[in-house]
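Coordinates from upload_22.txt are shown below (compact mmCIF, C-alpha atoms and all ligand atoms).
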```txt
# COMPACT_ATOMS: atom_id res chain seq x y z
CA MET A 1 61.45 112.77 90.20
CA LEU A 2 63.52 109.68 90.61
CA THR A 3 66.57 110.03 88.38
CA ALA A 4 66.78 106.23 87.94
CA PHE A 5 63.68 106.49 85.72
CA THR A 6 64.38 109.77 83.94
CA SER A 7 68.11 109.63 83.17
CA PRO A 8 69.44 107.93 80.01
CA GLY A 9 71.20 104.57 79.95
CA SER A 10 70.39 101.08 81.10
CA PHE A 11 70.35 99.36 84.48
CA LEU A 12 73.56 97.71 85.67
CA ARG A 13 73.55 95.27 88.59
CA GLY A 14 76.25 95.70 91.20
CA ASN A 15 77.38 94.94 94.72
CA LEU A 16 78.83 97.87 96.66
CA HIS A 17 80.01 96.12 99.83
CA CYS A 18 82.06 92.92 100.17
CA HIS A 19 85.30 91.61 101.61
CA SER A 20 88.26 89.46 100.58
CA SER A 21 91.30 87.82 102.16
CA ARG A 22 92.89 91.29 102.23
CA SER A 23 90.86 91.83 105.41
CA ASP A 24 88.53 89.32 107.12
CA GLY A 25 86.88 87.74 104.08
CA ASP A 26 87.71 84.23 102.84
CA PRO A 27 88.47 84.45 99.08
CA LEU A 28 91.25 86.26 97.31
CA PRO A 29 90.22 89.55 95.62
CA GLU A 30 90.43 87.90 92.21
CA ARG A 31 87.95 85.22 93.32
CA VAL A 32 85.55 87.83 94.73
CA CYS A 33 85.44 89.55 91.35
CA ALA A 34 85.03 86.21 89.56
CA PHE A 35 82.17 85.19 91.86
CA TYR A 36 80.18 88.32 91.02
CA ARG A 37 81.09 88.26 87.34
CA ASP A 38 79.98 84.61 87.07
CA ALA A 39 76.76 85.43 88.96
CA GLY A 40 75.81 87.88 86.20
CA TYR A 41 76.70 91.14 87.91
CA ASP A 42 77.92 94.08 85.83
CA PHE A 43 80.21 95.49 88.52
CA VAL A 44 81.49 95.02 92.05
CA SER A 45 83.23 97.23 94.58
CA LEU A 46 85.54 95.35 96.92
CA THR A 47 85.46 97.15 100.28
CA ASP A 48 87.93 95.52 102.66
CA HIS A 49 88.22 96.86 106.19
CA PHE A 50 90.46 99.94 106.17
CA MET A 51 92.18 99.01 109.42
CA GLU A 52 95.78 99.03 110.60
CA ARG A 53 95.81 95.29 111.27
CA PHE A 54 95.05 94.66 107.58
CA GLY A 55 97.50 97.34 106.33
CA PHE A 56 94.76 99.89 105.42
CA PRO A 57 93.88 98.19 102.11
CA VAL A 58 92.27 99.90 99.13
CA VAL A 59 92.63 96.85 96.91
CA ASP A 60 93.46 97.43 93.26
CA THR A 61 90.86 95.36 91.37
CA THR A 62 91.55 96.83 87.92
CA PRO A 63 93.33 93.59 86.78
CA PHE A 64 90.04 91.71 87.30
CA ARG A 65 87.94 93.86 84.98
CA GLN A 66 86.74 92.22 81.78
CA GLU A 67 84.57 93.11 78.81
CA GLY A 68 81.14 93.80 80.32
CA PHE A 69 82.33 93.67 83.92
CA THR A 70 83.99 96.47 85.85
CA THR A 71 85.11 97.30 89.38
CA LEU A 72 85.14 100.33 91.66
CA MET A 73 87.93 100.73 94.20
CA GLY A 74 86.57 100.94 97.71
CA ALA A 75 86.99 100.28 101.39
CA GLU A 76 84.99 100.03 104.60
CA LEU A 77 86.20 102.86 106.83
CA HIS A 78 86.24 102.80 110.61
CA ALA A 79 86.53 105.39 113.34
CA PRO A 80 85.52 105.71 116.98
CA GLY A 81 82.76 105.71 118.16
CA LEU A 82 78.97 105.41 118.19
CA GLY A 83 76.99 106.51 121.23
CA ASN A 84 76.85 102.82 122.24
CA GLY A 85 80.65 102.45 122.07
CA GLU A 86 80.87 100.54 118.77
CA ILE A 87 83.26 101.76 116.07
CA TRP A 88 81.81 103.32 112.92
CA HIS A 89 81.40 101.36 109.67
CA LEU A 90 81.27 103.63 106.58
CA VAL A 91 81.49 102.18 103.08
CA ALA A 92 83.26 104.30 100.45
CA ASN A 93 83.05 103.34 96.75
CA GLY A 94 85.26 105.09 94.23
CA LEU A 95 88.19 105.78 96.55
CA PRO A 96 91.64 106.60 95.16
CA LEU A 97 94.19 103.83 95.72
CA ASP A 98 96.37 106.23 97.75
CA PHE A 99 93.61 107.23 100.20
CA ALA A 100 95.55 108.04 103.35
CA ALA A 101 95.29 106.04 106.54
CA PRO A 102 93.37 107.89 109.26
CA ALA A 103 95.26 109.85 111.86
CA GLY A 104 94.77 108.36 115.30
CA ASP A 105 92.35 111.04 116.44
CA GLU A 106 90.31 111.41 113.24
CA THR A 107 86.59 111.43 113.99
CA ALA A 108 83.96 109.65 111.89
CA ALA A 109 82.72 113.03 110.65
CA GLU A 110 86.24 114.01 109.54
CA LEU A 111 86.82 110.61 107.92
CA ALA A 112 83.50 110.78 106.06
CA ARG A 113 84.34 114.33 104.89
CA ARG A 114 87.73 113.17 103.63
CA ALA A 115 86.18 110.24 101.69
CA LEU A 116 83.55 112.56 100.18
CA ASP A 117 86.25 115.09 99.21
CA ALA A 118 88.24 112.25 97.60
CA GLY A 119 85.28 111.64 95.28
CA ALA A 120 83.73 108.58 96.90
CA PHE A 121 80.09 107.50 97.17
CA VAL A 122 79.74 107.09 100.94
CA SER A 123 77.13 104.99 102.74
CA LEU A 124 76.23 104.00 106.28
CA ALA A 125 76.65 100.23 106.59
CA HIS A 126 74.32 97.85 108.46
CA PRO A 127 72.83 100.34 110.97
CA GLY A 128 70.47 97.74 112.41
CA TRP A 129 73.20 95.25 113.26
CA TYR A 130 75.31 97.54 115.45
CA GLY A 131 72.67 99.90 116.74
CA LEU A 132 73.39 103.09 114.80
CA THR A 133 71.03 105.80 116.03
CA LEU A 134 69.61 108.92 114.42
CA GLU A 135 71.85 111.01 116.70
CA ASP A 136 74.92 109.11 115.51
CA ALA A 137 73.96 109.61 111.85
CA LEU A 138 73.18 113.32 112.27
CA ALA A 139 76.69 113.89 113.63
CA LEU A 140 78.12 113.11 110.18
CA PRO A 141 78.14 115.37 107.15
CA GLN A 142 75.54 114.52 104.49
CA VAL A 143 76.56 111.15 103.00
CA HIS A 144 74.97 109.43 100.01
CA ALA A 145 73.09 106.39 101.25
CA VAL A 146 72.09 103.98 104.01
CA GLU A 147 71.97 100.19 103.66
CA VAL A 148 68.28 99.26 103.82
CA PHE A 149 69.41 95.62 103.68
CA ASN A 150 72.74 93.99 104.53
CA ALA A 151 72.75 90.28 103.70
CA ILE A 152 75.43 89.03 106.09
CA CYS A 153 73.88 90.89 109.02
CA ASP A 154 70.55 89.33 108.12
CA TRP A 155 72.10 85.87 107.73
CA GLU A 156 74.34 85.85 110.80
CA THR A 157 72.47 88.08 113.26
CA GLY A 158 68.89 88.57 112.02
CA ARG A 159 69.55 92.34 111.99
CA GLY A 160 69.94 93.14 108.31
CA ASP A 161 67.35 95.94 108.16
CA GLY A 162 68.18 99.66 107.97
CA GLY A 163 64.84 101.09 106.91
CA TYR A 164 64.15 102.58 110.36
CA LEU A 165 67.17 104.89 110.05
CA ILE A 166 66.32 105.96 106.49
CA ASP A 167 62.82 106.99 107.59
CA GLN A 168 64.06 108.86 110.67
CA LEU A 169 66.68 110.75 108.61
CA LEU A 170 64.00 111.71 106.08
CA ASN A 171 61.64 112.79 108.87
CA ARG A 172 64.38 115.12 110.13
CA GLY A 173 64.90 116.67 106.69
CA ARG A 174 68.11 114.79 105.88
CA THR A 175 67.80 113.06 102.52
CA THR A 176 69.46 109.72 101.83
CA GLY A 177 69.77 107.11 99.12
CA VAL A 178 68.66 103.52 99.72
CA ILE A 179 71.03 100.65 98.91
CA ALA A 180 71.12 96.88 99.50
CA THR A 181 74.38 94.95 99.75
CA ASP A 182 75.74 91.48 100.47
CA ASP A 183 78.64 92.58 102.71
CA ALA A 184 79.90 89.14 101.66
CA HIS A 185 82.72 87.55 103.67
CA ARG A 186 82.13 83.78 103.30
CA TYR A 187 80.29 83.75 99.94
CA HIS A 188 77.72 81.25 101.20
CA GLY A 189 74.41 82.29 102.75
CA GLU A 190 74.96 86.02 102.24
CA PHE A 191 75.98 85.88 98.58
CA CYS A 192 73.78 87.54 95.89
CA ARG A 193 71.02 88.51 98.31
CA GLY A 194 71.03 92.33 98.03
CA TRP A 195 72.25 94.60 95.25
CA VAL A 196 71.82 97.93 93.48
CA MET A 197 70.52 98.51 89.97
CA VAL A 198 72.33 101.60 88.68
CA LYS A 199 71.14 103.48 85.58
CA ALA A 200 74.28 104.42 83.69
CA THR A 201 75.09 105.34 80.12
CA GLU A 202 78.05 102.95 79.99
CA ASN A 203 79.58 100.25 82.14
CA THR A 204 82.60 102.20 83.31
CA PRO A 205 83.65 103.09 86.87
CA ASP A 206 83.26 106.83 86.17
CA ALA A 207 79.76 106.47 84.70
CA ILE A 208 78.62 104.19 87.55
CA LEU A 209 80.04 106.49 90.21
CA ALA A 210 78.39 109.54 88.63
CA ALA A 211 75.06 107.68 88.42
CA LEU A 212 75.32 106.62 92.07
CA LYS A 213 76.01 110.18 93.17
CA SER A 214 73.06 111.47 91.13
CA GLY A 215 70.74 108.95 92.82
CA ALA A 216 70.05 107.02 89.61
CA TYR A 217 69.56 103.61 91.21
CA TYR A 218 67.29 101.39 93.24
CA ALA A 219 67.99 98.51 95.61
CA SER A 220 66.74 94.95 95.30
CA GLN A 221 66.70 91.40 96.61
CA GLY A 222 65.03 90.16 93.41
CA PRO A 223 62.08 92.25 92.16
CA GLU A 224 62.63 94.77 89.37
CA ILE A 225 61.32 98.32 89.58
CA ARG A 226 60.93 99.04 85.89
CA HIS A 227 59.39 102.50 85.90
CA VAL A 228 58.13 105.11 88.35
CA GLU A 229 56.35 108.24 87.19
CA ILE A 230 54.36 111.03 88.81
CA ASP A 231 51.05 111.58 87.01
CA GLY A 232 49.32 114.54 88.63
CA ASP A 233 48.31 113.42 92.13
CA TRP A 234 49.21 109.82 91.41
CA LEU A 235 52.33 107.68 91.25
CA ASN A 236 52.43 105.09 88.46
CA VAL A 237 54.68 102.12 89.13
CA GLU A 238 55.76 99.27 86.85
CA THR A 239 57.54 96.26 88.33
CA SER A 240 58.22 92.60 87.76
CA PRO A 241 55.29 90.60 89.26
CA VAL A 242 54.99 91.45 92.97
CA ASP A 243 52.42 90.87 95.69
CA SER A 244 52.68 94.20 97.53
CA VAL A 245 53.49 97.75 96.44
CA TRP A 246 53.89 100.10 99.39
CA LEU A 247 54.50 103.81 99.45
CA VAL A 248 55.78 104.99 102.83
CA GLY A 249 56.31 108.56 103.96
CA HIS A 250 56.60 111.00 106.86
CA ALA A 251 55.82 109.46 110.26
CA ALA A 252 53.05 106.87 109.78
CA ARG A 253 51.95 107.84 106.27
CA SER A 254 51.57 104.90 103.91
CA LYS A 255 49.57 103.52 100.99
CA VAL A 256 49.47 100.00 99.57
CA VAL A 257 48.31 98.13 96.49
CA MET A 258 48.06 94.37 97.04
CA GLY A 259 48.48 91.59 94.47
CA PRO A 260 49.04 88.78 93.89
CA GLY A 261 51.22 89.04 90.84
CA ILE A 262 50.77 92.71 89.98
CA ALA A 263 53.11 94.49 87.58
CA HIS A 264 51.37 97.89 87.45
CA ALA A 265 50.19 99.96 90.39
CA ARG A 266 48.75 103.44 90.81
CA LEU A 267 49.10 105.05 94.23
CA PRO A 268 47.59 108.35 95.40
CA LEU A 269 50.19 110.95 96.41
CA GLU A 270 47.84 113.32 98.23
CA LYS A 271 48.74 112.33 101.79
CA PHE A 272 52.49 112.61 101.02
CA ALA A 273 52.29 116.21 99.73
CA GLY A 274 54.91 118.53 101.21
CA GLY A 275 57.01 115.63 102.45
CA TRP A 276 58.72 112.55 101.15
CA ALA A 277 57.71 109.11 99.94
CA ARG A 278 59.63 105.98 99.09
CA LEU A 279 58.51 102.87 97.28
CA VAL A 280 58.91 99.34 98.65
CA VAL A 281 57.71 96.25 96.78
CA SER A 282 57.64 92.58 97.81
CA ASP A 283 57.27 89.48 95.64
CA ALA A 284 55.64 86.11 96.41
CA GLU A 285 58.86 84.88 98.09
CA GLY A 286 59.04 87.97 100.31
CA ARG A 287 61.98 89.44 98.43
CA ARG A 288 61.90 93.23 98.33
CA ALA A 289 63.02 96.13 96.20
CA TRP A 290 63.30 99.72 97.37
CA SER A 291 63.35 103.05 95.52
CA ASN A 292 65.17 106.15 96.60
CA PRO A 293 62.94 108.76 98.27
CA LEU A 294 60.80 111.15 96.30
CA HIS A 295 60.51 114.68 97.66
CA LEU A 296 57.01 115.95 96.92
ZN ZN B 301 80.86 96.59 108.74
ZN ZN B 302 81.57 95.01 105.61
```
What does this structure look like when you write it as structure tokens?
Amino acid sequence: MLTAFTSPGSFLRGNLHCHSSRSDGDPLPERVCAFYRDAGYDFVSLTDHFMERFGFPVVDTTPFRQEGFTTLMGAELHAPGLGNGEIWHLVANGLPLDFAAPAGDETAAELARRALDAGAFVSLAHPGWYGLTLEDALALPQVHAVEVFNAICDWETGRGDGGYLIDQLLNRGRTTGVIATDDAHRYHGEFCRGWVMVKATENTPDAILAALKSGAYYASQGPEIRHVEIDGDWLNVETSPVDSVWLVGHAARSKVVMGPGIAHARLPLEKFAGGWARLVVSDAEGRRAWSNPLHL
């Protein structure tokens, strides 16, 4: 089952990927936290580029926590090199402040392993933008998630989608979580366009990190996924009003319930048996929400 809908607690809205003036973003870290706090988020993880030219920052955002708003330390980690020659972009949330700078010859697999061992929730950032392939991804140890949507890559390049990689990983037996992020740098057209809803028992960094690692979350651009439940050979879904409820699975398997304005859907699971399925919904404005995969 999907732990987001079986574990105790309530949903907290957060952004797991954004930048400040400590790397190539515009605002100061304090402003980044204030932007998200004022936008109604429950938490943010500032993830500046962990690069030599920026002094390998893991920015301490603890001074910007307030009642009802918390922060996770993080960074976007880089290493050579994808099959196409680009450097890797891995986002790590929940890093220790003293996370060591990479040695010059550290591979992406070694860097990912080190971030995982340090306790971080590790995700593959914006695969669509820079052409991350299945072969690239399979060269890493098992990480936690892939960005199904990255707002700045959508806004600036039209390549914000990562669903293709999630499906190919699942088809090859590698499970992955599904997250959406802003990757905000300018805090204009990419701000508040993709987030995670994390089911946690309290709004603390430890509780959020544990919930992320247990898979207790879904990703959204607006719609709410309120409940998902297996009922025999059927999947019952409750959402905010949406126009399409899709279930997608191995290779070309899919099912759909069409609206408009539906808040309850019942989808047959028969054709997904023995494989995986993940839920995607879309509202009247085309904004989507995505569940983590179910393994059936
Ligand atoms: Zn990046
Ligand atoms: Zn980034």
Axis-aligned box for segment 7-15 of chain A, 4 Å per side, centre and edges in Å as AutoDock Vina command-line options:
```
--center_x 72.7 --center_y 102.3 --center_z 87.3 --size_x 17.3 --size_y 22.7 --size_z 22.8
```
List as a PyMOL selection string the protein and nucleic acid residues lying within 12 Å of ligand ZN 302 (chain B), with all atoms listed in the file counted. chain A and resi 15-20+23-25+45-51+74-78+88-92+123-127+129-130+147+150-153+181-186+190
Taken to one decimal, the atom CA of Val256 of chain A-atom CA of Met1 of chain A distance is 19.9 Å
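Proximity to Thr62 of chain A was assessed for A:Asp161, A:Val178, A:Ala115, A:Thr204 counting all atoms listed in the file; the smallest distance is recorded for A:Thr204.
Atom to atom, atom CA of Phe272 of chain A and atom CA of Leu296 of chain A stand 7.0 Å apart.
Each of A:Pro80, A:Glu52, A:Gln221, A:Gly85 was checked against Glu106 of chain A using all atoms listed in the file; the smallest atom-to-atom distance is that of A:Pro80.
You will find atom CA of Ala79 of chain A at 18.9 Å from atom CA of Pro96 of chain A.
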For Leu170 of chain A, please output as a CSV table (one decimal) with C-alpha atoms, keeping the file's coordinate frame all residues within 10 Å (counting all atoms listed in the file; exclusion window: fewer than 4 positions along the same chain).
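Output below, filename part.csv:
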```
chain,number,residue,atom,x,y,z
A,165,LEU,CA,67.2,104.9,110.0
A,166,ILE,CA,66.3,106.0,106.5
A,174,ARG,CA,68.1,114.8,105.9
A,175,THR,CA,67.8,113.1,102.5
A,176,THR,CA,69.5,109.7,101.8
A,249,GLY,CA,56.3,108.6,104.0
A,250,HIS,CA,56.6,111.0,106.9
A,251,ALA,CA,55.8,109.5,110.3
A,275,GLY,CA,57.0,115.6,102.4
A,276,TRP,CA,58.7,112.6,101.2
A,277,ALA,CA,57.7,109.1,99.9
A,293,PRO,CA,62.9,108.8,98.3
A,295,HIS,CA,60.5,114.7,97.7
```
Got a sec: who's within 10 Å of Leu82 of chain A, counting only C-alpha atoms, leaving out chain neighbours fewer than 6 positions off, as an MDAnalysis selection string? chainID A and resid 88:89 108 130:133 135:137 139
With all atoms listed in the file as the basis for distance, which of A:Leu28, A:His144, A:Arg114, A:Gly160 is at the shortest distance from ligand ZN 301 (chain B)? A:Gly160
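Shortest atom-to-atom contact with Arg172 of chain A among A:Leu134, A:Val59, A:Ile208, A:Val143: A:Leu134, counting all atoms listed in the file.
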So which residues touch Lys213 of chain A within 7 Å, counting all atoms listed in the file, skipping near sequence neighbours fewer than 3 positions away, as a PDB file with C-alpha atoms, in the frame of the given file?
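Ended up saving to around27.pdb:
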```
ATOM      1  CA  PHE A 121      80.090 107.500  97.170  1.00  0.00           C
ATOM      2  CA  HIS A 144      74.970 109.430 100.010  1.00  0.00           C
ATOM      3  CA  LEU A 209      80.040 106.490  90.210  1.00  0.00           C
ATOM      4  CA  ALA A 210      78.390 109.540  88.630  1.00  0.00           C
TER       5      ALA A 210
END
```
Between A:Gly232, A:Gly177, A:Pro205, A:Gly162, which is the closest to Tyr218 of chain A once you count only C-alpha atoms? A:Gly177
Point out the residue among A:Ala112, A:Ile87, A:Ile179, A:Cys33 with the least atom-to-atom distance to ligand ZN 301 (chain B), counting only C-alpha atoms and all ligand atoms. A:Ile87
May I ask you to restore N, CA and C atoms in segment 48-66 of chain A and write the result as a PDB file, in the coordinates of the input?
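Writing done, so here's rebuild_37.pdb:
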```pdb
ATOM      1  N   ASP A  48      87.299  96.131 101.479  1.00  0.00           N
ATOM      2  CA  ASP A  48      87.930  95.520 102.660  1.00  0.00           C
ATOM      3  C   ASP A  48      88.060  96.541 103.792  1.00  0.00           C
ATOM      4  N   HIS A  49      88.167  96.007 105.000  1.00  0.00           N
ATOM      5  CA  HIS A  49      88.220  96.860 106.190  1.00  0.00           C
ATOM      6  C   HIS A  49      89.506  97.686 106.192  1.00  0.00           C
ATOM      7  N   PHE A  50      89.330  98.996 106.212  1.00  0.00           N
ATOM      8  CA  PHE A  50      90.460  99.940 106.170  1.00  0.00           C
ATOM      9  C   PHE A  50      90.968 100.101 107.597  1.00  0.00           C
ATOM     10  N   MET A  51      91.711  99.071 108.036  1.00  0.00           N
ATOM     11  CA  MET A  51      92.180  99.010 109.420  1.00  0.00           C
ATOM     12  C   MET A  51      93.680  98.730 109.418  1.00  0.00           C
ATOM     13  N   GLU A  52      94.330  99.192 110.486  1.00  0.00           N
ATOM     14  CA  GLU A  52      95.780  99.030 110.600  1.00  0.00           C
ATOM     15  C   GLU A  52      96.185  97.557 110.538  1.00  0.00           C
ATOM     16  N   ARG A  53      95.383  96.692 111.201  1.00  0.00           N
ATOM     17  CA  ARG A  53      95.810  95.290 111.270  1.00  0.00           C
ATOM     18  C   ARG A  53      95.760  94.587 109.909  1.00  0.00           C
ATOM     19  N   PHE A  54      95.072  95.207 108.934  1.00  0.00           N
ATOM     20  CA  PHE A  54      95.050  94.660 107.580  1.00  0.00           C
ATOM     21  C   PHE A  54      95.924  95.493 106.628  1.00  0.00           C
ATOM     22  N   GLY A  55      96.633  96.496 107.161  1.00  0.00           N
ATOM     23  CA  GLY A  55      97.500  97.340 106.330  1.00  0.00           C
ATOM     24  C   GLY A  55      96.754  98.410 105.561  1.00  0.00           C
ATOM     25  N   PHE A  56      95.586  98.843 106.065  1.00  0.00           N
ATOM     26  CA  PHE A  56      94.760  99.890 105.420  1.00  0.00           C
ATOM     27  C   PHE A  56      94.604  99.630 103.909  1.00  0.00           C
ATOM     28  N   PRO A  57      93.962  98.518 103.542  1.00  0.00           N
ATOM     29  CA  PRO A  57      93.880  98.190 102.110  1.00  0.00           C
ATOM     30  C   PRO A  57      92.822  98.977 101.346  1.00  0.00           C
ATOM     31  N   VAL A  58      93.216  99.578 100.205  1.00  0.00           N
ATOM     32  CA  VAL A  58      92.270  99.900  99.130  1.00  0.00           C
ATOM     33  C   VAL A  58      92.760  99.025  97.979  1.00  0.00           C
ATOM     34  N   VAL A  59      92.098  97.885  97.803  1.00  0.00           N
ATOM     35  CA  VAL A  59      92.630  96.850  96.910  1.00  0.00           C
ATOM     36  C   VAL A  59      92.439  97.256  95.452  1.00  0.00           C
ATOM     37  N   ASP A  60      93.512  97.114  94.683  1.00  0.00           N
ATOM     38  CA  ASP A  60      93.460  97.430  93.260  1.00  0.00           C
ATOM     39  C   ASP A  60      92.820  96.261  92.503  1.00  0.00           C
ATOM     40  N   THR A  61      91.566  96.432  92.080  1.00  0.00           N
ATOM     41  CA  THR A  61      90.860  95.360  91.370  1.00  0.00           C
ATOM     42  C   THR A  61      90.829  95.587  89.857  1.00  0.00           C
ATOM     43  N   THR A  62      91.572  96.587  89.377  1.00  0.00           N
ATOM     44  CA  THR A  62      91.550  96.830  87.920  1.00  0.00           C
ATOM     45  C   THR A  62      92.012  95.611  87.108  1.00  0.00           C
ATOM     46  N   PRO A  63      92.943  94.752  87.609  1.00  0.00           N
ATOM     47  CA  PRO A  63      93.330  93.590  86.780  1.00  0.00           C
ATOM     48  C   PRO A  63      92.194  92.588  86.573  1.00  0.00           C
ATOM     49  N   PHE A  64      91.116  92.714  87.365  1.00  0.00           N
ATOM     50  CA  PHE A  64      90.040  91.710  87.300  1.00  0.00           C
ATOM     51  C   PHE A  64      88.845  92.210  86.493  1.00  0.00           C
ATOM     52  N   ARG A  65      88.991  93.386  85.883  1.00  0.00           N
ATOM     53  CA  ARG A  65      87.940  93.860  84.980  1.00  0.00           C
ATOM     54  C   ARG A  65      88.005  93.061  83.671  1.00  0.00           C
ATOM     55  N   GLN A  66      86.816  92.893  83.072  1.00  0.00           N
ATOM     56  CA  GLN A  66      86.740  92.220  81.780  1.00  0.00           C
ATOM     57  C   GLN A  66      85.716  92.940  80.926  1.00  0.00           C
TER      58      GLN A  66
END
```
